[in-house]
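Just data-v2.txt here, compact mmCIF, C-alpha atoms:
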```txt
# COMPACT_ATOMS: atom_id res chain seq x y z
CA MET F 310 23.44 15.71 5.43
CA LEU F 311 22.17 12.42 6.87
CA GLY F 312 22.64 13.73 10.38
CA PHE F 313 20.73 16.89 9.52
CA VAL F 314 17.86 14.90 8.01
CA GLY F 315 17.79 12.65 11.05
CA MET F 316 17.54 15.63 13.37
CA ILE F 317 14.72 17.09 11.27
CA PHE F 318 12.89 13.76 11.47
CA ILE F 319 13.26 13.52 15.25
CA GLU F 320 12.22 17.13 15.68
CA SER F 321 9.12 16.45 13.56
CA ILE F 322 8.10 13.73 16.05
CA ARG F 323 8.47 16.25 18.86
CA SER F 324 6.31 18.74 16.94
CA ARG F 325 3.58 16.16 16.39
CA ILE F 326 3.55 15.19 20.06
CA PHE F 327 3.57 18.84 21.06
CA ARG F 328 0.42 19.48 19.03
CA VAL F 329 -1.41 16.52 20.53
CA SER F 330 -0.45 17.77 24.00
CA VAL F 331 -1.56 21.31 23.20
CA PHE F 332 -4.85 20.00 21.85
CA SER F 333 -5.44 17.96 25.01
CA THR F 334 -4.73 21.08 27.03
CA CYS F 335 -7.14 23.16 25.00
CA LEU F 336 -9.85 20.50 25.25
CA LEU F 337 -9.59 20.87 29.01
CA MET F 338 -9.80 24.66 28.70
CA ALA F 339 -12.76 24.35 26.32
CA SER F 340 -14.62 22.00 28.64
CA MET F 341 -14.29 24.52 31.46
CA ILE F 342 -15.75 27.40 29.42
CA GLY F 343 -18.55 25.35 27.85
CA PHE F 344 -17.30 25.32 24.26
CA ALA F 345 -18.83 22.74 21.94
CA PRO F 346 -18.30 22.34 18.18
CA VAL F 347 -21.22 22.78 15.80
CA VAL F 348 -22.00 19.67 13.75
CA LEU F 349 -24.17 19.82 10.64
CA ALA F 350 -26.06 16.76 9.48
CA ALA F 351 -24.95 15.44 6.10
CA ASP F 352 -28.29 16.14 4.45
CA GLU F 353 -28.07 19.80 5.44
CA VAL F 354 -24.83 20.38 3.51
CA ARG F 355 -24.00 20.78 -0.15
CA THR F 356 -20.31 20.22 -0.84
CA HIS F 357 -18.30 21.96 -3.53
CA ALA F 358 -14.59 21.37 -4.14
CA LEU F 359 -11.81 23.44 -5.64
CA LEU F 360 -8.69 21.36 -6.38
CA ILE F 361 -5.50 23.31 -7.07
CA ASN F 362 -2.19 22.11 -8.50
CA GLY F 363 -0.24 25.10 -9.76
CA GLY F 364 2.87 23.21 -10.79
CA GLY F 365 4.95 26.27 -11.72
CA ASN F 366 6.33 24.90 -15.00
CA ARG F 367 6.62 21.52 -16.63
CA ARG F 368 10.06 20.77 -15.17
CA ILE F 369 8.76 20.83 -11.59
CA ASN F 370 5.11 19.91 -12.16
CA TYR F 371 5.54 16.40 -10.78
CA GLN F 372 3.36 13.40 -11.47
CA SER F 373 2.82 12.88 -7.73
CA HIS F 374 0.76 16.07 -7.60
CA LEU F 375 -1.52 14.87 -10.39
CA LEU F 376 -1.85 11.51 -8.62
CA HIS F 377 -3.12 13.47 -5.61
CA VAL F 378 -5.67 15.31 -7.76
CA ASN F 379 -6.87 12.07 -9.37
CA ARG F 380 -7.21 10.38 -5.98
CA ILE F 381 -9.22 13.12 -4.27
CA TYR F 382 -11.38 13.59 -7.38
CA SER F 383 -12.28 9.89 -7.18
CA LEU F 384 -12.88 10.06 -3.42
CA LEU F 385 -15.22 13.02 -3.80
CA GLY F 386 -17.14 11.21 -6.51
CA GLU F 387 -17.46 8.10 -4.34
CA ALA F 388 -18.72 10.32 -1.52
CA GLY F 389 -21.54 11.56 -3.75
CA VAL F 390 -20.22 15.00 -4.72
CA PRO F 391 -21.50 15.74 -8.26
CA ALA F 392 -18.82 16.27 -10.90
CA ASN F 393 -20.25 19.70 -11.74
CA GLN F 394 -19.50 20.79 -8.17
CA ILE F 395 -15.81 19.86 -8.43
CA SER F 396 -13.45 22.32 -10.15
CA ILE F 397 -9.82 21.52 -10.97
CA LEU F 398 -7.20 24.17 -11.61
CA SER F 399 -4.09 22.22 -12.64
CA ALA F 400 -0.98 23.41 -14.49
CA ASP F 401 -1.87 24.70 -17.98
CA GLY F 402 -5.39 23.28 -17.83
CA SER F 403 -6.87 21.95 -21.07
CA ASP F 404 -3.89 23.00 -23.19
CA PRO F 405 -2.69 19.75 -24.87
CA ALA F 406 0.96 20.81 -24.66
CA PRO F 407 3.11 18.61 -22.34
CA ASP F 408 3.03 20.13 -18.85
CA LEU F 409 3.78 17.20 -16.53
CA ALA F 410 7.14 15.72 -15.48
CA THR F 411 7.02 11.92 -15.30
CA ARG F 412 9.53 9.11 -14.91
CA GLU F 413 9.09 5.36 -15.16
CA VAL F 414 9.61 3.42 -11.96
CA GLN F 415 13.11 1.95 -11.63
CA LYS F 416 12.84 -1.72 -12.57
CA GLU F 417 15.84 -2.93 -10.55
CA SER F 418 14.79 -3.48 -6.94
CA ASN F 419 18.32 -2.87 -5.63
CA PHE F 420 18.88 0.38 -7.53
CA TRP F 421 18.61 2.21 -4.21
CA MET F 422 22.23 1.19 -3.59
CA LEU F 423 23.31 3.79 -6.17
CA SER F 424 21.17 6.55 -4.66
CA GLY F 425 23.13 9.76 -4.18
CA THR F 426 25.91 8.78 -6.60
CA ARG F 427 26.72 10.11 -10.07
CA LEU F 428 25.83 6.69 -11.51
CA ALA F 429 22.26 7.02 -10.26
CA LYS F 430 21.69 10.12 -12.37
CA THR F 431 23.16 8.40 -15.42
CA LEU F 432 21.39 5.05 -15.14
CA ARG F 433 17.95 5.91 -13.84
CA PRO F 434 15.08 6.37 -16.34
CA PRO F 435 14.97 9.87 -17.84
CA ILE F 436 12.27 12.39 -17.05
CA THR F 437 9.74 12.70 -19.85
CA TYR F 438 6.92 15.19 -20.30
CA THR F 439 3.28 14.52 -20.98
CA ASN F 440 -0.08 16.26 -20.79
CA SER F 441 -2.02 16.45 -17.50
CA GLU F 442 -5.34 14.60 -17.57
CA VAL F 443 -7.94 13.66 -14.97
CA PRO F 444 -10.42 11.14 -16.42
CA GLY F 445 -13.91 12.58 -16.53
CA ALA F 446 -12.86 16.10 -15.55
CA GLN F 447 -12.21 19.36 -17.37
CA LEU F 448 -9.02 21.10 -16.26
CA GLN F 449 -8.49 24.85 -16.12
CA ALA F 450 -5.14 26.62 -15.94
CA ALA F 451 -3.99 27.30 -12.38
CA THR F 452 -3.52 31.05 -12.70
CA ARG F 453 -4.41 33.99 -10.48
CA GLU F 454 -6.92 35.21 -13.05
CA ASN F 455 -8.76 31.88 -13.19
CA LEU F 456 -8.79 31.66 -9.40
CA ARG F 457 -10.36 35.09 -9.09
CA LEU F 458 -12.95 34.26 -11.76
CA TRP F 459 -13.80 31.04 -9.93
CA PHE F 460 -14.33 32.79 -6.60
CA GLU F 461 -16.37 35.59 -8.18
CA ASN F 462 -18.69 32.97 -9.66
CA ALA F 463 -18.78 31.04 -6.37
CA ALA F 464 -19.68 34.22 -4.49
CA ALA F 465 -22.86 34.38 -6.54
CA SER F 466 -23.72 30.68 -6.47
CA LEU F 467 -22.69 29.31 -3.05
CA VAL F 468 -25.29 29.92 -0.36
CA SER F 469 -25.82 29.38 3.35
CA GLY F 470 -25.35 25.74 4.27
CA ASP F 471 -22.88 25.05 1.45
CA THR F 472 -19.40 23.73 2.21
CA LEU F 473 -16.38 24.53 0.05
CA LEU F 474 -13.38 22.20 0.21
CA ILE F 475 -10.18 23.84 -1.05
CA TYR F 476 -7.54 21.20 -1.72
CA VAL F 477 -3.97 22.17 -2.65
CA THR F 478 -1.21 19.84 -3.83
CA ASP F 479 1.63 21.93 -5.11
CA HIS F 480 4.95 23.53 -4.41
CA GLY F 481 4.96 26.14 -1.68
CA THR F 482 7.49 28.88 -1.00
CA ARG F 483 8.35 30.58 2.28
CA ASN F 484 8.09 34.32 2.77
CA LYS F 485 11.39 35.01 4.56
CA GLU F 486 10.15 38.38 5.83
CA ASP F 487 6.79 37.09 7.07
CA SER F 488 6.17 33.34 7.32
CA SER F 489 2.51 34.02 8.14
CA ASN F 490 2.09 35.00 4.48
CA ASN F 491 3.71 32.15 2.53
CA GLN F 492 2.89 31.36 -1.09
CA ILE F 493 1.40 28.64 -3.28
CA VAL F 494 3.11 28.26 -6.65
CA LEU F 495 0.73 28.67 -9.61
CA TRP F 496 1.25 28.04 -13.33
CA GLY F 497 3.58 30.40 -15.16
CA GLU F 498 6.38 32.81 -14.41
CA ASP F 499 5.81 34.92 -11.29
CA GLU F 500 2.38 33.33 -10.76
CA ASN F 501 1.68 32.62 -7.10
CA LEU F 502 -0.95 32.95 -4.40
CA ASN F 503 -0.11 34.00 -0.85
CA VAL F 504 -2.18 33.83 2.32
CA GLU F 505 -3.42 37.41 1.97
CA ASP F 506 -4.45 36.75 -1.66
CA LEU F 507 -6.44 33.65 -0.74
CA ARG F 508 -7.99 35.40 2.26
CA GLU F 509 -9.20 38.16 -0.06
CA LEU F 510 -10.79 35.57 -2.38
CA ILE F 511 -12.46 33.67 0.47
CA ASN F 512 -13.84 36.95 1.81
CA LEU F 513 -15.78 37.29 -1.46
CA LEU F 514 -17.96 34.35 -0.35
CA GLN F 515 -21.04 34.73 1.81
CA PRO F 516 -19.99 34.52 5.49
CA SER F 517 -22.40 31.62 6.01
CA VAL F 518 -20.52 29.38 3.54
CA ARG F 519 -18.33 26.92 5.39
CA VAL F 520 -14.76 26.61 4.05
CA ILE F 521 -12.42 23.67 4.70
CA THR F 522 -8.81 23.78 3.48
CA LEU F 523 -6.67 20.67 2.96
CA MET F 524 -3.13 21.54 1.87
CA SER F 525 -0.01 19.46 1.38
CA GLN F 526 2.48 21.93 -0.13
CA CYS F 527 5.71 23.00 1.56
CA TYR F 528 5.28 25.59 4.34
CA SER F 529 1.52 25.04 4.14
CA GLY F 530 0.94 25.74 7.84
CA SER F 531 1.11 29.44 7.04
CA PHE F 532 -2.36 29.11 5.51
CA SER F 533 -3.81 28.28 8.91
CA ASN F 534 -3.90 32.08 9.27
CA LEU F 535 -6.91 32.04 6.96
CA ILE F 536 -8.98 31.50 10.11
CA TYR F 537 -8.78 35.28 10.55
CA THR F 538 -10.94 37.49 8.35
CA LYS F 539 -8.10 39.97 8.22
CA SER F 540 -4.52 39.99 9.41
CA GLY F 541 -4.22 41.07 13.03
CA ASP F 542 -7.64 39.84 14.16
CA ASP F 543 -7.81 38.31 17.63
CA LEU F 544 -10.85 36.11 17.06
CA PRO F 545 -11.17 33.61 14.20
CA ARG F 546 -14.04 33.34 11.80
CA VAL F 547 -16.54 30.66 12.77
CA ASN F 548 -16.85 29.06 9.34
CA LEU F 549 -13.29 28.03 8.38
CA GLY F 550 -11.16 25.06 9.34
CA GLY F 551 -8.16 23.45 7.78
CA PHE F 552 -5.59 20.65 7.71
CA TYR F 553 -1.97 21.17 6.64
CA SER F 554 1.03 18.95 5.96
CA SER F 555 3.58 21.06 7.79
CA THR F 556 4.24 24.20 9.76
CA ALA F 557 4.90 27.60 8.21
CA ASP F 558 8.67 27.19 8.54
CA ARG F 559 9.10 23.60 7.32
CA PRO F 560 9.03 21.94 3.89
CA ALA F 561 6.69 19.04 3.15
CA TYR F 562 7.63 15.68 1.65
CA GLY F 563 6.34 13.46 -1.14
CA CYS F 564 7.12 15.35 -4.38
CA TYR F 565 8.56 13.12 -7.09
CA PRO F 566 8.22 12.71 -10.88
CA GLU F 567 7.75 8.92 -11.03
CA ASN F 568 4.58 7.64 -12.66
CA LEU F 569 4.00 4.96 -10.06
CA ASP F 570 5.48 4.08 -6.73
CA LYS F 571 5.28 1.01 -4.56
CA TYR F 572 4.80 3.19 -1.49
CA PRO F 573 3.62 6.73 -2.25
CA VAL F 574 4.72 8.95 0.60
CA GLY F 575 3.57 12.13 2.25
CA HIS F 576 0.66 13.84 3.91
CA SER F 577 -1.89 13.69 1.08
CA PHE F 578 -1.56 9.97 0.37
CA ARG F 579 -1.91 9.07 4.04
CA PHE F 580 -4.83 11.48 4.46
CA PHE F 581 -6.65 9.91 1.52
CA ASP F 582 -5.99 6.42 2.90
CA ALA F 583 -7.59 7.46 6.19
CA LEU F 584 -10.60 9.04 4.47
CA GLU F 585 -11.08 5.93 2.38
CA SER F 586 -11.36 3.91 5.58
CA GLY F 587 -14.28 6.08 6.70
CA GLY F 588 -14.60 8.75 9.36
CA SER F 589 -14.34 12.50 9.41
CA LEU F 590 -11.55 14.84 8.35
CA SER F 591 -10.58 15.19 12.02
CA ASP F 592 -10.39 11.40 12.34
CA ALA F 593 -8.20 11.29 9.23
CA HIS F 594 -5.88 13.92 10.70
CA ARG F 595 -5.37 11.90 13.86
CA GLU F 596 -4.63 8.79 11.80
CA VAL F 597 -2.10 10.67 9.66
CA LEU F 598 -0.17 11.64 12.80
CA VAL F 599 0.67 7.94 13.12
CA THR F 600 0.75 6.67 9.52
CA ASP F 601 2.68 9.45 7.73
CA ARG F 602 6.29 8.29 8.24
CA THR F 603 7.88 11.35 6.61
CA PRO F 604 9.15 14.36 8.59
CA ASP F 605 5.86 16.16 7.89
CA VAL F 606 4.22 17.91 10.85
CA PRO F 607 0.46 17.57 10.24
CA LEU F 608 -1.59 20.28 11.93
CA ARG F 609 -5.02 21.89 11.95
CA ALA F 610 -6.21 25.47 11.79
CA SER F 611 -7.62 25.02 15.29
CA ASP F 612 -4.11 24.17 16.51
CA ARG F 613 -2.97 27.55 15.23
CA TYR F 614 -5.70 29.40 17.11
CA LEU F 615 -5.50 27.44 20.35
CA GLU F 616 -1.72 27.74 20.41
CA SER F 617 -2.04 31.51 19.99
CA ILE F 618 -4.33 31.61 23.04
CA LEU F 619 -1.79 29.69 25.10
CA ASN F 620 1.07 31.92 23.93
CA SER F 621 -0.86 35.07 24.85
CA ARG F 622 -1.82 33.68 28.24
CA ALA F 623 1.75 32.59 28.95
CA ALA F 624 3.06 36.03 28.00
CA ALA F 625 0.56 37.68 30.37
CA LEU F 626 1.72 35.39 33.19
CA GLY F 627 5.38 35.90 32.35
CA ILE F 628 6.09 32.18 31.84
CA GLU F 629 7.06 29.96 28.92
CA PRO F 630 4.19 28.48 26.85
CA ASP F 631 5.48 24.95 27.50
CA ASP F 632 5.26 25.57 31.24
CA LEU F 633 1.66 26.77 30.92
CA VAL F 634 0.74 23.71 28.86
CA ASP F 635 2.29 21.44 31.49
CA GLN F 636 0.26 23.16 34.22
CA TRP F 637 -2.96 22.43 32.32
CA LEU F 638 -1.85 18.89 31.53
CA GLN F 639 -1.18 18.34 35.23
CA ARG F 640 -4.86 19.09 35.83
CA ALA F 641 -6.02 17.01 32.86
CA TRP F 642 -4.17 13.84 33.85
CA LYS F 643 -5.91 13.79 37.23
CA ASN F 644 -8.86 12.38 35.29
CA LYS F 645 -7.08 10.35 32.64
CA GLN F 646 -10.20 8.50 31.65
CA ASP F 647 -11.52 11.76 30.16
CA TRP F 648 -8.54 11.96 27.79
CA GLU F 649 -8.21 8.31 26.86
CA PRO F 650 -8.28 8.88 23.05
CA ASP F 651 -5.47 11.43 23.29
CA ILE F 652 -3.36 9.22 25.54
CA ARG F 653 -3.79 6.29 23.18
CA LEU F 654 -2.81 8.52 20.25
CA LEU F 655 0.38 9.54 22.05
CA ASP F 656 1.11 5.87 22.70
CA ARG F 657 0.52 4.93 19.05
CA MET F 658 2.83 7.70 17.85
CA GLY F 659 5.53 6.58 20.24
CA GLU F 660 5.24 2.99 19.05
CA ALA F 661 5.14 3.95 15.35
CA PHE F 662 8.26 6.12 15.49
CA GLY F 663 10.28 4.22 18.07
CA TYR F 664 9.88 7.08 20.53
CA PHE F 665 8.58 7.27 24.07
CA SER F 666 5.05 8.35 24.89
CA PRO F 667 5.26 11.56 26.95
CA ARG F 668 2.67 13.12 29.21
CA PHE F 669 4.32 16.54 29.59
CA LEU F 670 6.21 18.86 27.28
CA SER F 671 9.04 19.11 29.79
CA GLU F 672 9.76 15.43 29.07
CA LEU F 673 10.23 16.30 25.41
CA SER F 674 12.64 19.10 26.27
CA LEU F 675 14.81 16.67 28.21
CA HIS F 676 14.99 14.30 25.26
CA SER F 677 15.57 17.03 22.67
CA ASP F 678 18.90 17.75 24.36
CA THR F 679 20.12 14.48 22.86
CA LEU F 680 19.45 15.60 19.27
CA ASP F 681 22.99 16.92 18.80
CA ALA F 682 24.44 13.58 19.89
CA VAL F 683 22.07 11.71 17.57
CA GLY F 684 23.05 14.01 14.70
CA LYS F 685 26.75 13.33 15.25
CA GLN F 686 26.09 9.61 15.39
CA LEU F 687 24.20 9.71 12.10
CA GLU F 688 27.02 11.73 10.53
CA SER F 689 29.47 9.00 11.51
CA TYR F 690 27.18 6.38 9.96
CA LYS F 691 27.02 8.41 6.76
CA THR F 692 30.80 8.64 6.60
CA ALA F 693 31.19 4.91 7.17
CA TRP F 694 28.66 4.01 4.47
CA ARG F 695 30.22 6.33 1.94
```

Hey, can you dump this file as structure tokens for me?
Amino acid sequence: MLGFVGMIFIESIRSRIFRVSVFSTCLLMASMIGFAPVVLAADEVRTHALLINGGGNRRINYQSHLLHVNRIYSLLGEAGVPANQISILSADGSDPAPDLATREVQKESNFWMLSGTRLAKTLRPPITYTNSEVPGAQLQAATRENLRLWFENAAASLVSGDTLLIYVTDHGTRNKEDSSNNQIVLWGEDENLNVEDLRELINLLQPSVRVITLMSQCYSGSFSNLIYTKSGDDLPRVNLGGFYSSTADRPAYGCYPENLDKYPVGHSFRFFDALESGGSLSDAHREVLVTDRTPDVPLRASDRYLESILNSRAAALGIEPDDLVDQWLQRAWKNKQDWEPDIRLLDRMGEAFGYFSPRFLSELSLHSDTLDAVGKQLESYKTAWR
């Protein structure tokens, strides 16, 4: 198991570096066709937020998810977003019945030595259940019905120039038949929301309303497909962007029932840290690529679209996508000063994870051949420690 986890971790580093390389490639492509992003001044935008923590049921509705909700609620308030423009759909909502799994932090600092043993389960603090609360906020149950009601009301109230932030901290499940249509777990038996469902709800809004998604659930990258108004579209909508903790085929990390933790882990916590330091969502994403030390693979909706362009172009040329990316990177690095921020990001990632800082995807392929050997080495370490 340790070897498998180690291989997943190393592969996650490759995925992060791949996405930085692809983005550098697409910046070069964009510069050649005259693309430029639209930026709205802060005083031209009204921000609304919809925060979702489905939870499923009280056994798996972990305290870490509510910590996420509390943190982003506070951040939005500090940023000047009025409380009446922030809606929270969390677990069973205002129902006072216990709906949240919590556990006191282990007092013994060396308890980690029992991790993975039968003694750990016996001696660690038990899980207890309490009621979900966010100070100063009114919670609604995270159900499909409440989501539809919220979007129907938003369709009538949100107007051109408004921005809607949809934040999700939850469990996610993978659609084995179609990973482009994964699910968010909601509250209650058989309650869930897949990509097509959320696309249908977003389509209720006026097209001029800007939508930003920030999602940290497992397999969340599937929701990058929301950039398309309907499944099968070639061109994305112009008013939707997003940031996700992992790709459509990978779990995310950071779910746990403890009340407190000396070092909260995972995509959301690192994203909030970056936002708290100032800067844009895009700046926060770039920071998370370095500071999130879990096997998450942070990505953006634009990565999904730009990668699809490269894949289509590579298919038309009859070559592998990695080869096409390397051809574009070969052109980009002739003027390295133009791509200094991306090069420095690659260097920071290499330093943070004890990895090298590549300039071409072919370099990553050479190193990935060693993953099997690394996995076997980790397996031997696991055996020795046990």

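For Thr472 (chain F), the list of residues within 12 Å, based on all atoms listed in the file and with local chain neighbours fewer than 5 positions off taken out, reads Leu349, Ala351, Asp352, Glu353, Val354, Arg355, Thr356, His357, Ala358, Leu359, Val390, Gln394, Ile395, Ala463, Ser466, Leu467, Leu514, Gln515, Pro516, Ser517, Val518, Arg519, Val520, Ile521, Thr522, Asn548, Leu549 and Gly550 of chain F.
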
Query raised in the report: Need the neighbours of (-0.5, 4.3, 11.3): which residues are at most 10 Å away, counting only C-alpha atoms, as a PyMOL selection string?
Result: chain F and resi 579+583+595-602+657-658+660-662

Step by step, gather every atom of region 603-622 of chain F that the file lists, find the box along x, y and z that holds them, add 3 Å on each side, and finally give centre and edge lengths in Å to one decimal, as AutoDock Vina command-line options.
```
--center_x 0.8 --center_y 23.2 --center_z 17.4 --size_x 22.8 --size_y 29.7 --size_z 27.6
```

Query raised in the report: How many Å separate CA of Thr437 (chain F) from CA of Leu376 (chain F)?
Result: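 Spanning CA of Thr437 (chain F) to CA of Leu376 (chain F) is a straight-line distance of 16.2 Å.
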
Query raised in the report: What is the distance, in Å and to one decimal place, between CA of Lys539 (chain F) and CA of Asp506 (chain F)?
Result: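 So the two atoms, CA of Lys539 (chain F) and CA of Asp506 (chain F), lie 11.0 Å apart.
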
Query raised in the report: In terms of the shortest atom-to-atom distance over all atoms listed in the file, which of F:Gln526, F:Glu688, F:Ala557, F:Leu458 is closest to Asn484 (chain F)?
Result: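 Of F:Gln526, F:Glu688, F:Ala557, F:Leu458, the one nearest Asn484 (chain F) is F:Ala557, counting all atoms listed in the file.
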
Which residues are near Arg433 (chain F)? Cut-off 9 Å, all atoms listed in the file, ignore same chain within fewer than 3 positions. Put them as an mmCIF file with C-alpha atoms, keeping the file's coordinate frame.
```cif
data_model
loop_
_atom_site.group_PDB
_atom_site.id
_atom_site.type_symbol
_atom_site.label_atom_id
_atom_site.label_comp_id
_atom_site.auth_asym_id
_atom_site.auth_seq_id
_atom_site.Cartn_x
_atom_site.Cartn_y
_atom_site.Cartn_z
ATOM 1 C CA GLU F 413 9.090 5.360 -15.160
ATOM 2 C CA VAL F 414 9.610 3.420 -11.960
ATOM 3 C CA GLN F 415 13.110 1.950 -11.630
ATOM 4 C CA PHE F 420 18.880 0.380 -7.530
ATOM 5 C CA LEU F 428 25.830 6.690 -11.510
ATOM 6 C CA ALA F 429 22.260 7.020 -10.260
ATOM 7 C CA LYS F 430 21.690 10.120 -12.370
#
```

Query raised in the report: In Å, with one decimal, what is the gap from CA of Ser418 (chain F) to CA of Ile436 (chain F)?
Result: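 About the pair CA of Ser418 (chain F) and CA of Ile436 (chain F): they are 19.0 Å apart.
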